[in-house]
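Peer 1: Structure file start.cif, mmCIF, C-alpha atoms, is pasted below:
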data_start
loop_
_atom_site.label_atom_id
_atom_site.label_comp_id
_atom_site.auth_asym_id
_atom_site.auth_seq_id
_atom_site.Cartn_x
_atom_site.Cartn_y
_atom_site.Cartn_z
CA MET A 1 57.94 44.44 37.14
CA LEU A 2 56.58 41.00 37.98
CA GLN A 3 55.74 40.37 34.34
CA LEU A 4 59.22 41.44 33.35
CA ARG A 5 60.67 39.01 35.85
CA LYS A 6 58.45 36.21 34.54
CA PHE A 7 59.51 37.04 31.01
CA CYS A 8 63.20 36.94 31.97
CA ASN A 9 62.73 33.65 33.78
CA SER A 10 61.04 32.11 30.74
CA LEU A 11 63.90 33.32 28.54
CA LEU A 12 66.40 31.84 30.96
CA TYR A 13 64.50 28.56 30.99
CA LEU A 14 64.47 28.52 27.20
CA HIS A 15 68.21 29.23 27.07
CA ILE A 16 68.98 26.40 29.50
CA THR A 17 66.75 23.99 27.55
CA ILE A 18 68.45 24.78 24.25
CA LYS A 19 71.92 24.56 25.79
CA SER A 20 71.06 21.24 27.40
CA SER A 21 69.69 19.91 24.12
CA ARG A 22 72.84 20.94 22.24
CA TYR A 23 75.03 19.36 24.92
CA MET A 24 73.13 16.08 24.66
CA LYS A 25 73.45 16.13 20.88
CA SER A 26 77.18 16.89 21.11
CA ALA A 27 77.74 14.17 23.70
CA LYS A 28 75.96 11.69 21.45
CA ASN A 29 77.87 12.77 18.32
CA LYS A 30 81.20 12.85 20.10
CA ASN A 31 81.09 9.11 20.53
CA VAL A 32 80.76 8.23 16.84
CA LEU A 33 84.49 7.89 16.17
CA VAL A 34 85.00 6.01 19.42
CA LYS A 35 82.17 3.67 18.46
CA MET A 36 83.82 3.10 15.11
CA ILE A 37 87.10 2.17 16.82
CA GLU A 38 85.31 -0.16 19.18
CA ASP A 39 83.38 -1.71 16.30
CA LYS A 40 86.68 -2.38 14.53
CA LYS A 41 88.12 -4.01 17.63
CA ALA A 42 85.04 -6.18 18.10
CA ILE A 43 85.12 -7.25 14.45
CA GLN A 44 88.84 -7.95 14.62
CA GLU A 45 88.38 -10.15 17.68
CA CYS A 46 85.50 -11.93 15.98
CA ILE A 47 87.56 -12.59 12.84
CA ARG A 48 90.59 -13.82 14.74
CA LYS A 49 88.47 -16.23 16.74
CA GLY A 50 86.47 -17.33 13.71
CA GLY A 51 83.27 -15.95 15.20
CA ASP A 52 79.92 -14.97 13.68
CA LEU A 53 80.23 -11.62 11.91
CA GLU A 54 76.52 -11.38 11.28
CA LYS A 55 75.91 -11.57 15.00
CA ILE A 56 78.51 -8.91 15.68
CA ALA A 57 76.92 -6.67 13.04
CA LYS A 58 73.54 -6.90 14.78
CA GLN A 59 75.04 -6.40 18.23
CA ARG A 60 77.06 -3.36 17.16
CA ASN A 61 74.45 -1.95 14.79
CA VAL A 62 76.83 -1.85 11.84
CA LYS A 63 76.27 -2.94 8.28
CA PHE A 64 78.72 -4.97 6.26
CA ALA A 65 78.66 -4.03 2.62
CA THR A 66 79.76 -5.85 -0.51
CA PRO A 67 80.43 -3.08 -3.02
CA LEU A 68 82.66 -5.15 -5.34
CA MET B 1 106.32 -4.02 -4.53
CA SER B 2 106.91 -6.34 -7.44
CA SER B 3 104.32 -5.86 -10.15
CA LEU B 4 105.19 -9.28 -11.54
CA LEU B 5 103.51 -11.14 -8.72
CA PRO B 6 99.79 -11.74 -9.22
CA PRO B 7 97.24 -11.02 -6.52
CA TYR B 8 95.62 -13.90 -4.74
CA GLU B 9 92.15 -14.71 -5.89
CA TYR B 10 89.60 -13.30 -3.48
CA TYR B 11 85.97 -14.28 -3.16
CA LEU B 12 82.81 -13.19 -1.43
CA CYS B 13 82.12 -15.12 1.74
CA ASP B 14 78.81 -15.33 3.61
CA LYS B 15 77.65 -12.20 1.72
CA LEU B 16 79.48 -10.16 4.36
CA LYS B 17 83.18 -10.16 3.61
CA TYR B 18 85.84 -10.98 1.07
CA GLN B 19 88.41 -13.64 1.70
CA PHE B 20 91.65 -14.89 0.21
CA VAL B 21 94.10 -17.60 1.16
CA THR B 22 97.84 -17.18 0.86
CA ASP B 23 100.51 -19.68 -0.14
CA ASN B 24 101.28 -19.96 3.59
CA HIS B 25 97.71 -21.20 4.09
CA GLU B 26 96.73 -18.04 5.95
CA THR B 27 93.20 -16.75 5.45
CA TYR B 28 92.75 -13.00 5.16
CA ILE B 29 89.44 -11.20 5.48
CA ALA B 30 88.74 -7.87 3.81
CA TYR B 31 85.52 -6.11 4.71
CA PHE B 32 83.63 -2.91 4.09
CA LEU B 33 81.30 -1.19 6.52
CA ASP B 34 78.65 1.24 5.33
CA ALA B 35 79.91 4.59 6.61
CA LYS B 36 76.38 6.00 6.51
CA PHE B 37 75.87 4.31 9.87
CA TYR B 38 78.48 6.68 11.31
CA ASN B 39 77.68 9.80 9.36
CA GLU B 40 74.48 10.23 7.36
CA ALA B 41 76.31 12.35 4.79
CA PHE B 42 78.47 9.38 3.73
CA LYS B 43 76.39 7.84 0.97
CA ASP B 44 78.43 5.30 -1.08
CA VAL B 45 81.28 5.76 1.38
CA TYR B 46 82.70 2.71 3.11
CA LEU B 47 85.09 1.98 5.92
CA PHE B 48 87.62 -0.58 4.79
CA ASN B 49 89.73 -2.94 6.81
CA PHE B 50 91.36 -6.31 6.49
CA ASP B 51 92.51 -8.87 8.99
CA ILE B 52 93.75 -12.42 9.34
CA TYR B 53 92.16 -15.47 10.87
CA GLY B 54 94.37 -16.35 13.81
CA ASN B 55 97.60 -14.51 14.57
CA LYS B 56 101.25 -14.17 13.60
CA PRO B 57 101.08 -13.69 9.86
CA LYS B 58 104.12 -14.36 7.71
CA TYR B 59 105.36 -11.67 5.35
CA ASP B 60 104.02 -12.16 1.86
CA GLU B 61 104.26 -9.49 -0.80
CA ARG B 62 101.19 -10.82 -2.57
CA ILE B 63 99.01 -9.77 0.38
CA SER B 64 99.49 -6.07 -0.34
CA ILE B 65 99.09 -6.78 -4.05
CA THR B 66 95.79 -8.52 -3.32
CA VAL B 67 94.53 -5.70 -1.09
CA CYS B 68 95.37 -3.22 -3.86
CA SER B 69 93.53 -5.44 -6.31
CA ILE B 70 90.45 -5.35 -4.09
CA ILE B 71 90.62 -1.56 -3.86
CA ARG B 72 91.16 -1.28 -7.61
CA ASP B 73 87.98 -3.29 -8.17
CA PHE B 74 86.20 -1.14 -5.59
CA PHE B 75 86.91 2.00 -7.58
CA LYS B 76 85.52 0.61 -10.79
CA GLN B 77 82.38 2.23 -9.41
CA HIS B 78 83.43 5.85 -9.46
CA GLN B 79 80.76 6.90 -6.99
CA ASN B 80 82.44 4.81 -4.28
CA ALA B 81 84.73 6.33 -1.68
CA LEU B 82 86.72 4.57 0.97
CA ILE B 83 87.88 5.51 4.45
CA PHE B 84 90.74 3.73 6.14
CA ILE B 85 91.28 4.33 9.84
CA CYS B 86 94.46 3.55 11.78
CA ASP B 87 93.80 3.88 15.47
CA SER B 88 96.11 3.65 18.43
CA SER B 89 94.36 0.81 20.23
CA ASP B 90 97.39 -1.46 19.59
CA GLY B 91 100.01 1.27 19.38
CA ARG B 92 100.78 0.59 15.73
CA GLU B 93 98.79 3.36 14.14
CA ILE B 94 101.74 5.28 12.70
CA GLY B 95 103.36 2.24 11.12
CA ARG B 96 100.04 1.08 9.70
CA SER B 97 99.32 4.53 8.30
CA LYS B 98 102.73 4.67 6.64
CA LEU B 99 102.25 1.21 5.21
CA PHE B 100 98.88 2.17 3.76
CA HIS B 101 100.45 5.28 2.22
CA ARG B 102 103.22 3.18 0.69
CA TRP B 103 100.62 0.86 -0.83
CA TYR B 104 98.74 3.87 -2.19
CA LYS B 105 101.88 5.20 -3.89
CA ASN B 106 102.57 1.79 -5.37
CA PHE B 107 98.98 1.70 -6.56
CA LYS B 108 100.00 4.29 -9.17
CA ASN B 109 96.49 5.32 -10.06
CA LEU B 110 96.35 9.08 -10.39
CA SER B 111 92.57 8.97 -10.63
CA ILE B 112 92.30 7.97 -7.00
CA HIS B 113 92.96 10.85 -4.64
CA LYS B 114 94.03 10.37 -1.04
CA ILE B 115 93.18 12.82 1.72
CA ASP B 116 94.76 12.29 5.12
CA ARG B 117 93.60 13.50 8.48
CA TYR B 118 94.74 13.12 12.07
CA CYS B 119 92.75 13.64 15.21
CA THR B 120 92.71 12.65 18.85
CA VAL B 121 89.47 11.59 20.44
CA GLU B 122 88.99 10.25 23.95
CA GLY B 123 92.59 9.11 24.23
CA TYR B 124 92.78 7.49 20.78
CA ASN B 125 95.11 8.83 18.09
CA LEU B 126 93.53 8.39 14.68
CA TYR B 127 95.31 8.53 11.35
CA SER B 128 92.63 8.33 8.74
CA SER B 129 92.61 8.48 4.98
CA LEU B 130 89.89 9.02 2.45
CA LEU B 131 90.34 7.51 -0.99
CA ILE B 132 88.07 8.98 -3.63
CA HIS B 133 87.93 8.81 -7.40
CA LYS B 134 88.46 12.16 -9.09
CA GLU B 135 85.28 11.57 -11.10
CA ASN B 136 83.14 10.87 -8.06
CA PRO B 137 79.95 12.89 -8.64
CA ARG B 138 80.02 13.98 -4.99
CA TYR B 139 83.74 14.61 -4.90
CA GLU B 140 83.75 18.00 -3.18
CA ALA B 141 80.95 17.16 -0.75
CA ILE B 142 82.57 13.93 0.43
CA ILE B 143 86.01 15.49 0.88
CA SER B 144 84.51 18.43 2.70
CA GLY B 145 82.39 16.16 4.88
CA PHE B 146 85.34 13.92 5.69
CA GLY B 147 87.57 16.84 6.57
CA GLN B 148 84.99 18.43 8.81
CA TRP B 149 84.10 15.11 10.38
CA MET B 150 87.69 14.35 11.34
CA ASP B 151 88.56 17.91 12.31
CA ASN B 152 85.58 17.91 14.65
CA GLY B 153 86.64 14.61 16.20
CA GLY B 154 83.81 12.72 14.59
CA MET B 155 81.15 15.31 15.27
CA PRO B 156 79.15 16.37 12.21
CA GLU B 157 78.81 20.05 11.48
CA GLU B 158 75.80 21.60 13.21
#
Would you give me this structure, written as structure tokens?
Peer 2:
Amino acid sequence: MLQLRKFCNSLLYLHITIKSSRYMKSAKNKNVLVKMIEDKKAIQECIRKGGDLEKIAKQRNVKFATPL
Amino acid sequence: MSSLLPPYEYYLCDKLKYQFVTDNHETYIAYFLDAKFYNEAFKDVYLFNFDIYGNKPKYDERISITVCSIIRDFFKQHQNALIFICDSSDGREIGRSKLFHRWYKNFKNLSIHKIDRYCTVEGYNLYSSLLIHKENPRYEAIISGFGQWMDNGGMPEE
């Protein structure tokens, strides 16, 4: 009976760990679109003020591309 | 849009952005961001936007013609795809989205397909569009990825 209880507790612990890990991953992923919007706003402000885009790129961890 | 007006000449600036100057002496910036930084599945996919140095631009038909010219050049590489996002941070997302759609229709290039999506995330309304060449070697995968990405509010499929 004690072993059964230990087994159930370990299963419960495993379930909580997996659920917590998935929540953290979702919380991180959920912000990607918001980050993109905020990156756009930061870049827009930089452009309108004639600021340094390279600096903004490093700060925001984005990469400007020149595909043309 | 008058097809008789030529686009402004644009040029690469600081290896980061493209720039053109209008007859009203306004400087416009067009830039691409590597979308792989937002979603690892987006290889050769770019976020596109353009803006003006300073404020209060004057209407000039050649601006839209120039932006279309830039996008036309972009799609000379068929593996490229482009995402354009209109967000509600300034309340003009619907108008901007409609404007972009009007430009796309005037583009008159049936090889470039446009897929639209709308989502709400953390209080922002997003009208987004994917432009992709019909001969893109990853056509189905990119469209599928874009659709899932937007439908999930920016969360990739698990």
Peer 1: May I have a table of the residues of chain A lying at most 8 Å from chain B, giving each one's closest pair of atoms and their distance in Å to one decimal, counting only C-alpha atoms, ordered by chain and ascending residue number, as JSON lines?
Peer 2:
{"residue": "A:Ser26", "atom": "CA", "partner": "B:Met155", "partner_atom": "CA", "distance": 7.2}
{"residue": "A:Asn29", "atom": "CA", "partner": "B:Met155", "partner_atom": "CA", "distance": 5.1}
{"residue": "A:Lys30", "atom": "CA", "partner": "B:Met155", "partner_atom": "CA", "distance": 5.4}
{"residue": "A:Asn31", "atom": "CA", "partner": "B:Gly154", "partner_atom": "CA", "distance": 7.5}
{"residue": "A:Val32", "atom": "CA", "partner": "B:Gly154", "partner_atom": "CA", "distance": 5.9}
{"residue": "A:Leu33", "atom": "CA", "partner": "B:Gly154", "partner_atom": "CA", "distance": 5.1}
{"residue": "A:Val34", "atom": "CA", "partner": "B:Val121", "partner_atom": "CA", "distance": 7.2}
{"residue": "A:Met36", "atom": "CA", "partner": "B:Tyr38", "partner_atom": "CA", "distance": 7.5}
{"residue": "A:Ile37", "atom": "CA", "partner": "B:Asp87", "partner_atom": "CA", "distance": 7.0}
{"residue": "A:Gln44", "atom": "CA", "partner": "B:Asp51", "partner_atom": "CA", "distance": 6.8}
{"residue": "A:Ile47", "atom": "CA", "partner": "B:Tyr53", "partner_atom": "CA", "distance": 5.8}
{"residue": "A:Arg48", "atom": "CA", "partner": "B:Tyr53", "partner_atom": "CA", "distance": 4.5}
{"residue": "A:Lys49", "atom": "CA", "partner": "B:Gly54", "partner_atom": "CA", "distance": 6.6}
{"residue": "A:Gly50", "atom": "CA", "partner": "B:Tyr53", "partner_atom": "CA", "distance": 6.6}
{"residue": "A:Leu53", "atom": "CA", "partner": "B:Leu16", "partner_atom": "CA", "distance": 7.7}
{"residue": "A:Glu54", "atom": "CA", "partner": "B:Leu16", "partner_atom": "CA", "distance": 7.6}
{"residue": "A:Val62", "atom": "CA", "partner": "B:Phe37", "partner_atom": "CA", "distance": 6.5}
{"residue": "A:Lys63", "atom": "CA", "partner": "B:Leu33", "partner_atom": "CA", "distance": 5.6}
{"residue": "A:Phe64", "atom": "CA", "partner": "B:Leu33", "partner_atom": "CA", "distance": 4.6}
{"residue": "A:Ala65", "atom": "CA", "partner": "B:Phe32", "partner_atom": "CA", "distance": 5.3}
{"residue": "A:Thr66", "atom": "CA", "partner": "B:Leu16", "partner_atom": "CA", "distance": 6.5}
{"residue": "A:Pro67", "atom": "CA", "partner": "B:Phe74", "partner_atom": "CA", "distance": 6.6}
{"residue": "A:Leu68", "atom": "CA", "partner": "B:Phe74", "partner_atom": "CA", "distance": 5.4}
Peer 1: Just to confirm, what's the straight-line distance from atom CA of Leu130 of chain B to atom CA of Asp39 of chain A in Å (one decimal)?
Peer 2: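 About the pair atom CA of Leu130 of chain B and atom CA of Asp39 of chain A: they are 18.7 Å apart.
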Peer 1: Could you tell me which residues the PyMOL selection byres ((chain B and resi 133) around 8) returns for this structure, as a ChimeraX atom specification?
Peer 2: /B:75,78-81,111-113,131-132,134-136,139
Peer 1: Write out as a CSV table (one decimal) with C-alpha atoms, in the coordinates of the input the residues lying within 12 Å of Lys105 of chain B, counting only C-alpha atoms and excluding same-chain residues fewer than 5 positions away.
Peer 2:
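The result, written out as selection-v7.csv:
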chain,number,residue,atom,x,y,z
B,1,MET,CA,106.3,-4.0,-4.5
B,68,CYS,CA,95.4,-3.2,-3.9
B,98,LYS,CA,102.7,4.7,6.6
B,99,LEU,CA,102.2,1.2,5.2
B,100,PHE,CA,98.9,2.2,3.8
B,110,LEU,CA,96.4,9.1,-10.4
B,112,ILE,CA,92.3,8.0,-7.0
B,113,HIS,CA,93.0,10.8,-4.6
B,114,LYS,CA,94.0,10.4,-1.0
Peer 1: Work out how far atom CA of Tyr8 of chain B is from atom CA of Thr22 of chain B, in Å to one decimal.
Peer 2: 6.9 Å
Peer 1: Mind pulling up the distance from atom CA of Lys108 of chain B to atom CA of His25 of chain B?
Peer 2: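 For atom CA of His25 of chain B relative to atom CA of Lys108 of chain B, the distance reads 28.8 Å.
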Peer 1: Edge lengths and centre in Å to one decimal, as AutoDock Vina command-line options, of the axis-aligned box that encloses all listed atoms of segment 125-140 of chain B with 5 Å added on every side?
Peer 2:
--center_x 87.6 --center_y 12.8 --center_z 3.5 --size_x 25.4 --size_y 20.5 --size_z 39.2
Peer 1: Identify, on the basis of all atoms listed in the file, every residue whose closest approach to Asp116 of chain B does not exceed 8 Å; exclude the query and any residue fewer than 6 positions from it along the same chain; express the result as number ranges by chain.
Peer 2: B: 127-130
Peer 1: Nearest residue to Tyr59 of chain B out of B:Tyr118, B:Asn125, B:Gly91, B:Asp23, using only C-alpha atoms?
Peer 2: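 Nearest candidate to Tyr59 of chain B out of B:Tyr118, B:Asn125, B:Gly91, B:Asp23: B:Asp23.
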